[in-house]
Structure formats: C-alpha cells, structure tokens
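Visitor: One structure is given below, represented as structure tokens, and several questions about it will come after.
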Amino acid sequence: MKANSTLVEMLIGIFFLGVICQVVGAFIVTDQVLYAKSLWFGILLAAVSAFHMYRSLDRALDYGKNAAKMIFRSYLLRYVLIALILFIIMVTEVMNPLVVFMAYMSLKITALVQPITHKLCVRLGIFGKER
C-alpha cells in the first residue's frame with residue numbers, strides 16, 4: 001500500500017514536534033533518560049495512530065453506507081488501546097504517562113499545522129513537482 005503525501009507530512013510533523021519537545025525538555029527536565037524514553041514512545045504511538053487512521057479511512061471509504069461504523073470502530077480501537085497502554089505505564093512506572101500522553105497529542109497538533117507542513121514540503125521539493 002502506497003502512503004499518500006498527507007500521511008507523510010503528518011509523520012514529518014510528528015517527528016519534528018518530537019525533536020522540539022526533546023530540545024525544550026533538555027533545559028527543563030531533571031531525569032533526561034526517563035523523559036526521552038517516554039517522549040519517543042509517545043511519538044511512536046502517535047505515528048502508529050496516524051498510519052492506522054490513514055489505513056482505516058482508506059478501507060472504510062470502500063464500504064459505502066457502512067463506512068461510518070467502520071470509522072467509529074477503528075477510532076474506538078485506537079483510543080481503547082491508548083488508554084490501556086497508558087494504564088500499563090502508570091501501573092508499572094516504566095515511563096512517565098504524562099509525557100507519553102503529551103507526545104501522543106502531537107498527532108492532534110500535527111493535524112492542525114498540516115497545511116503549513118504541506119507548504120514546506122512543496123517548497124523543499126519532497127514530493128517532486130507540486131500537486
């Protein structure tokens with residue numbers, strides 16, 4: 001399956017926000033290892049969620065009137081899994097659940113700034129000629 005440019009732009013944005021949070025955290029956080037581990041795990045979750053969202057929407061659009069049900073099920077699955085993962089992190093204390101959640105929310109921020117990311121990708125010629 002070939003990913004479209006919007007997904008690639010989202011993944012670039014998620015990674016870029018992770019880098020920004022890592023740099024800012026270097027000046028604020030005392031336990032750098034725990035912060036970095038939590039941050040990049042959350043970034044990974046956001047990237048996997050973006051890919052799952054793309055794949056779910058792509059599949060659901062082929063199902064006509066049942067598309068809304070499929071989209072809702074995939075949405076519910078993503079959030080139940082995220083809640084479960086955060087619960088496990090809270091119980092085991094292997095990572096900071098707030099940092100993981102903050103990094104996961106980069107998915108939402110990236111979606112808001114995707115038009116800016118798109119313009120930047122076009123200017124840099126990441127996708128070849130302008131679409």
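Within each chain, counting starts at residue 1; across the structure tokens, chains are named A, B, ... in the order shown, with ligands numbered 1 upward in that order.
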For range 49-60 of chain A, work out the shell of residues within 8 Å, counting only C-alpha atoms and skipping chain neighbours fewer than 5 positions away, then give it as a VMD selection string.

Guide: chain A and resid 7 10 to 11 66 to 68 70 to 71 74 to 75 78 107

Visitor: Go ahead and write the selection's residues with all heavy atoms as a short mmCIF file (atom, residue, chain, number, x, y, z; two decimals), in the first residue's frame.

Guide:
```
data_model
loop_
_atom_site.label_atom_id
_atom_site.label_comp_id
_atom_site.auth_asym_id
_atom_site.auth_seq_id
_atom_site.Cartn_x
_atom_site.Cartn_y
_atom_site.Cartn_z
N LEU A 7 -0.20 11.73 4.74
CA LEU A 7 0.31 10.88 5.81
C LEU A 7 1.79 11.14 6.04
O LEU A 7 2.23 11.27 7.18
CB LEU A 7 0.07 9.40 5.49
CG LEU A 7 0.66 8.40 6.48
CD1 LEU A 7 0.04 8.59 7.87
CD2 LEU A 7 0.48 6.99 5.99
N MET A 10 2.18 14.32 7.84
CA MET A 10 1.82 14.14 9.25
C MET A 10 2.97 13.49 10.02
O MET A 10 3.32 13.92 11.12
CB MET A 10 0.57 13.28 9.38
CG MET A 10 -0.71 13.91 8.92
SD MET A 10 -1.37 15.08 10.09
CE MET A 10 -1.84 14.00 11.41
N LEU A 11 3.56 12.47 9.45
CA LEU A 11 4.67 11.78 10.12
C LEU A 11 5.87 12.70 10.28
O LEU A 11 6.54 12.69 11.33
CB LEU A 11 5.05 10.52 9.34
CG LEU A 11 3.97 9.43 9.30
CD1 LEU A 11 4.41 8.28 8.41
CD2 LEU A 11 3.61 8.95 10.69
N ASN A 66 -21.74 1.58 5.26
CA ASN A 66 -21.14 1.03 6.47
C ASN A 66 -19.84 1.73 6.85
O ASN A 66 -19.21 1.36 7.84
CB ASN A 66 -20.88 -0.46 6.32
CG ASN A 66 -22.16 -1.25 6.24
OD1 ASN A 66 -23.17 -0.87 6.81
ND2 ASN A 66 -22.13 -2.36 5.51
N ALA A 67 -19.44 2.72 6.09
CA ALA A 67 -18.17 3.41 6.34
C ALA A 67 -18.14 4.06 7.72
O ALA A 67 -17.14 3.98 8.43
CB ALA A 67 -17.91 4.45 5.26
N ALA A 68 -19.24 4.70 8.11
CA ALA A 68 -19.27 5.40 9.40
C ALA A 68 -19.05 4.42 10.55
O ALA A 68 -18.34 4.74 11.51
CB ALA A 68 -20.59 6.14 9.57
N MET A 70 -17.42 1.55 10.43
CA MET A 70 -16.03 1.09 10.40
C MET A 70 -15.10 2.15 10.95
O MET A 70 -14.15 1.85 11.69
CB MET A 70 -15.63 0.72 8.97
CG MET A 70 -16.31 -0.53 8.49
SD MET A 70 -15.69 -1.04 6.89
CE MET A 70 -14.04 -1.54 7.32
N ILE A 71 -15.34 3.41 10.59
CA ILE A 71 -14.51 4.50 11.08
C ILE A 71 -14.64 4.62 12.60
O ILE A 71 -13.65 4.79 13.31
CB ILE A 71 -14.87 5.82 10.37
CG1 ILE A 71 -14.44 5.74 8.90
CG2 ILE A 71 -14.23 7.01 11.05
CD1 ILE A 71 -14.96 6.87 8.04
N SER A 74 -12.72 1.78 14.33
CA SER A 74 -11.26 1.97 14.34
C SER A 74 -10.86 3.09 15.30
O SER A 74 -9.85 3.00 15.98
CB SER A 74 -10.75 2.25 12.93
OG SER A 74 -11.23 3.47 12.45
N TYR A 75 -11.70 4.14 15.39
CA TYR A 75 -11.47 5.23 16.34
C TYR A 75 -11.52 4.69 17.77
O TYR A 75 -10.64 4.97 18.59
CB TYR A 75 -12.53 6.31 16.12
CG TYR A 75 -12.68 7.31 17.22
CD1 TYR A 75 -11.82 8.39 17.31
CD2 TYR A 75 -13.70 7.20 18.16
CE1 TYR A 75 -11.95 9.31 18.33
CE2 TYR A 75 -13.84 8.11 19.17
CZ TYR A 75 -12.97 9.17 19.26
OH TYR A 75 -13.10 10.09 20.25
N ARG A 78 -8.43 2.53 18.58
CA ARG A 78 -7.24 3.34 18.86
C ARG A 78 -7.27 3.90 20.27
O ARG A 78 -6.27 3.82 21.00
CB ARG A 78 -7.13 4.51 17.87
CG ARG A 78 -6.35 4.22 16.64
CD ARG A 78 -6.02 5.45 15.85
NE ARG A 78 -7.14 6.34 15.59
CZ ARG A 78 -8.03 6.19 14.61
NH1 ARG A 78 -7.93 5.16 13.80
NH2 ARG A 78 -9.00 7.05 14.45
N LEU A 107 0.00 14.18 17.58
CA LEU A 107 -0.84 13.79 16.46
C LEU A 107 -1.89 14.86 16.18
O LEU A 107 -2.14 15.23 15.03
CB LEU A 107 -1.50 12.44 16.76
CG LEU A 107 -2.48 11.87 15.75
CD1 LEU A 107 -1.75 11.52 14.46
CD2 LEU A 107 -3.15 10.65 16.32
#
```

Visitor: Could you work out how far CA of Ile20 in chain A lies from CA of Ile43 in chain A, giving the answer in Å with one decimal?

Guide: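 Computed distance, CA of Ile43 in chain A to CA of Ile20 in chain A, equals 11.7 Å.
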
Visitor: Pick from A:Ala46, A:Leu77, A:Val29, A:Val113: nearest to Phe15 in chain A, with only C-alpha atoms counted?

Guide: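 Residue with the minimum atom-to-atom distance to Phe15 in chain A: A:Ala46.
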
Visitor: Looking at only C-alpha atoms, which of A:Tyr104, A:Tyr63, A:Phe127, A:Phe16 is the one that sits closest to Ser38 in chain A?

Guide: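 Checking each of A:Tyr104, A:Tyr63, A:Phe127, A:Phe16 against Ser38 in chain A, counting only C-alpha atoms, the winner is A:Tyr104.
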
Visitor: May I ask for the distance between CA of Leu45 in chain A and CA of Gly18 in chain A, given in Å to one decimal place?

Guide: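 Between CA of Leu45 in chain A and CA of Gly18 in chain A the gap works out to 11.7 Å.
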
Visitor: Set the distance at 10 Å and use only C-alpha atoms: which residues neighbour Phe101 in chain A once local chain neighbours fewer than 2 positions away are removed? I'd like the list as a list in words.

Guide: Ser38, Leu39, Phe41, Gly42, Ile43, Leu45, Ala46, Ile82, Ala83, Leu86, Asn96, Pro97, Leu98, Val99, Ala103, Tyr104, Met105 and Ser106 of chain A

Visitor: For the residues in that selection, give me all heavy atoms as a CSV table (one decimal), in the first residue's frame.

Guide:
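Ended up saving to part.csv:
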```
chain,number,residue,atom,x,y,z
A,38,SER,N,10.0,8.2,27.4
A,38,SER,CA,8.6,8.5,27.4
A,38,SER,C,8.2,9.3,26.2
A,38,SER,O,7.2,9.0,25.6
A,38,SER,CB,8.2,9.2,28.7
A,38,SER,OG,8.5,8.5,29.9
A,39,LEU,N,8.9,10.3,25.9
A,39,LEU,CA,8.6,11.2,24.8
A,39,LEU,C,8.6,10.4,23.5
A,39,LEU,O,7.7,10.4,22.7
A,39,LEU,CB,9.6,12.3,24.7
A,39,LEU,CG,9.5,13.2,23.4
A,39,LEU,CD1,8.3,14.1,23.5
A,39,LEU,CD2,10.8,14.1,23.3
A,41,PHE,N,8.5,7.2,23.0
A,41,PHE,CA,7.4,6.2,22.9
A,41,PHE,C,6.1,6.8,22.5
A,41,PHE,O,5.4,6.2,21.7
A,41,PHE,CB,7.3,5.4,24.3
A,41,PHE,CG,6.3,4.3,24.3
A,41,PHE,CD1,6.6,3.1,23.6
A,41,PHE,CD2,5.1,4.5,24.9
A,41,PHE,CE1,5.7,2.1,23.6
A,41,PHE,CE2,4.2,3.4,24.9
A,41,PHE,CZ,4.5,2.3,24.2
A,42,GLY,N,5.8,7.9,23.1
A,42,GLY,CA,4.6,8.7,22.7
A,42,GLY,C,4.6,9.1,21.3
A,42,GLY,O,3.5,9.0,20.6
A,43,ILE,N,5.7,9.5,20.8
A,43,ILE,CA,5.8,9.9,19.4
A,43,ILE,C,5.6,8.7,18.5
A,43,ILE,O,4.9,8.8,17.5
A,43,ILE,CB,7.2,10.5,19.1
A,43,ILE,CG1,7.3,11.9,19.8
A,43,ILE,CG2,7.5,10.7,17.6
A,43,ILE,CD1,6.4,13.0,19.4
A,45,LEU,N,3.8,6.1,19.3
A,45,LEU,CA,2.3,5.8,19.3
A,45,LEU,C,1.6,6.7,18.4
A,45,LEU,O,0.6,6.3,17.7
A,45,LEU,CB,1.8,6.0,20.8
A,45,LEU,CG,2.1,4.9,21.7
A,45,LEU,CD1,1.6,5.2,23.1
A,45,LEU,CD2,1.5,3.6,21.3
A,46,ALA,N,2.0,8.0,18.4
A,46,ALA,CA,1.3,9.0,17.5
A,46,ALA,C,1.5,8.6,16.0
A,46,ALA,O,0.5,8.7,15.2
A,46,ALA,CB,1.8,10.4,17.8
A,82,ILE,N,-4.8,3.1,23.5
A,82,ILE,CA,-4.0,4.1,24.1
A,82,ILE,C,-4.3,4.2,25.6
A,82,ILE,O,-3.4,4.3,26.4
A,82,ILE,CB,-4.3,5.5,23.4
A,82,ILE,CG1,-3.8,5.5,22.0
A,82,ILE,CG2,-3.7,6.6,24.2
A,82,ILE,CD1,-2.3,5.3,21.8
A,83,ALA,N,-5.6,4.1,26.0
A,83,ALA,CA,-5.9,4.1,27.4
A,83,ALA,C,-5.3,2.9,28.1
A,83,ALA,O,-4.8,3.0,29.2
A,83,ALA,CB,-7.5,4.1,27.6
A,86,LEU,N,-1.5,3.5,28.4
A,86,LEU,CA,-1.3,4.5,29.5
A,86,LEU,C,-1.5,3.9,30.9
A,86,LEU,O,-0.8,4.2,31.8
A,86,LEU,CB,-2.1,5.7,29.3
A,86,LEU,CG,-1.7,6.6,28.1
A,86,LEU,CD1,-2.7,7.7,27.9
A,86,LEU,CD2,-0.3,7.2,28.4
A,96,ASN,N,7.0,7.9,32.1
A,96,ASN,CA,6.1,9.0,32.6
A,96,ASN,C,4.8,9.0,31.7
A,96,ASN,O,4.9,9.4,30.6
A,96,ASN,CB,6.8,10.3,32.6
A,96,ASN,CG,6.0,11.4,33.2
A,96,ASN,OD1,4.8,11.4,33.2
A,96,ASN,ND2,6.8,12.3,33.9
A,97,PRO,N,3.7,8.7,32.3
A,97,PRO,CA,2.5,8.7,31.5
A,97,PRO,C,2.1,10.0,30.9
A,97,PRO,O,1.5,10.1,29.9
A,97,PRO,CB,1.4,8.1,32.4
A,97,PRO,CG,1.9,8.2,33.8
A,97,PRO,CD,3.4,8.3,33.7
A,98,LEU,N,2.4,11.1,31.7
A,98,LEU,CA,2.0,12.4,31.2
A,98,LEU,C,2.8,12.8,30.0
A,98,LEU,O,2.3,13.4,29.0
A,98,LEU,CB,2.2,13.5,32.3
A,98,LEU,CG,1.2,13.4,33.5
A,98,LEU,CD1,1.5,14.4,34.6
A,98,LEU,CD2,-0.2,13.5,33.0
A,99,VAL,N,4.1,12.5,30.0
A,99,VAL,CA,5.0,12.8,28.8
A,99,VAL,C,4.5,11.9,27.6
A,99,VAL,O,4.5,12.4,26.5
A,99,VAL,CB,6.4,12.5,29.2
A,99,VAL,CG1,7.3,12.7,28.0
A,99,VAL,CG2,6.9,13.5,30.3
A,103,ALA,N,3.2,13.5,24.2
A,103,ALA,CA,3.8,13.2,22.9
A,103,ALA,C,2.8,12.6,21.9
A,103,ALA,O,2.8,12.9,20.7
A,103,ALA,CB,4.9,12.2,23.1
A,104,TYR,N,1.8,11.8,22.5
A,104,TYR,CA,0.8,11.3,21.7
A,104,TYR,C,-0.1,12.4,21.1
A,104,TYR,O,-0.6,12.3,20.0
A,104,TYR,CB,-0.1,10.3,22.5
A,104,TYR,CG,-1.2,9.7,21.6
A,104,TYR,CD1,-0.9,8.7,20.7
A,104,TYR,CD2,-2.5,10.1,21.8
A,104,TYR,CE1,-2.0,8.2,19.9
A,104,TYR,CE2,-3.5,9.6,21.0
A,104,TYR,CZ,-3.2,8.7,20.1
A,104,TYR,OH,-4.3,8.1,19.3
A,105,MET,N,-0.3,13.4,21.9
A,105,MET,CA,-1.1,14.6,21.4
A,105,MET,C,-0.5,15.3,20.3
A,105,MET,O,-1.1,16.2,19.6
A,105,MET,CB,-1.4,15.5,22.6
A,105,MET,CG,-2.5,15.0,23.5
A,105,MET,SD,-4.1,14.8,22.7
A,105,MET,CE,-4.3,13.1,22.7
A,106,SER,N,0.8,15.0,20.0
A,106,SER,CA,1.5,15.7,18.8
A,106,SER,C,0.7,15.3,17.6
A,106,SER,O,0.8,16.0,16.6
A,106,SER,CB,2.9,15.2,18.7
A,106,SER,OG,3.0,13.9,18.4
```

Visitor: Find the residues of range 18-77 of chain A that sit at most 8 Å from range 88-95 of chain A; for each, write down the nearest two atoms and how far apart they are in Å, to one decimal. Count only C-alpha atoms. Sort by chain, then by number going up, and give it as CSV.

Guide:
```
residue,atom,partner,partner_atom,distance
A:Leu34,CA,A:Met95,CA,6.1
A:Tyr35,CA,A:Met95,CA,7.7
A:Lys37,CA,A:Met95,CA,6.9
A:Ser38,CA,A:Met95,CA,5.2
```

Visitor: I want to know what sits within 10 Å of Thr6 in chain A, based on only C-alpha atoms, with residues of the same chain fewer than 5 positions away left out; could you give that as a list of chain:residue names?

Guide: A:Leu11, A:Ile12, A:Tyr54, A:Ala111, A:Gln114, A:Pro115, A:Thr117, A:His118

Visitor: Nearest to Lys119 in chain A: which of A:Trp40, A:Glu9, A:Asn4, A:Val48 is it, counting only C-alpha atoms?

Guide: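 Of A:Trp40, A:Glu9, A:Asn4, A:Val48, the one nearest Lys119 in chain A, counting only C-alpha atoms, is A:Glu9.
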
Visitor: Between CA of Ile14 in chain A and CA of Ile85 in chain A, measure the distance and give it in Å to one decimal.

Guide: 19.2 Å

Visitor: I need the residues in chain A that are alpha helix (DSSP H) according to DSSP; give them as a VMD selection string.

Guide: chain A and resid 5 to 28 32 to 60 67 to 92 97 to 104 106 to 124
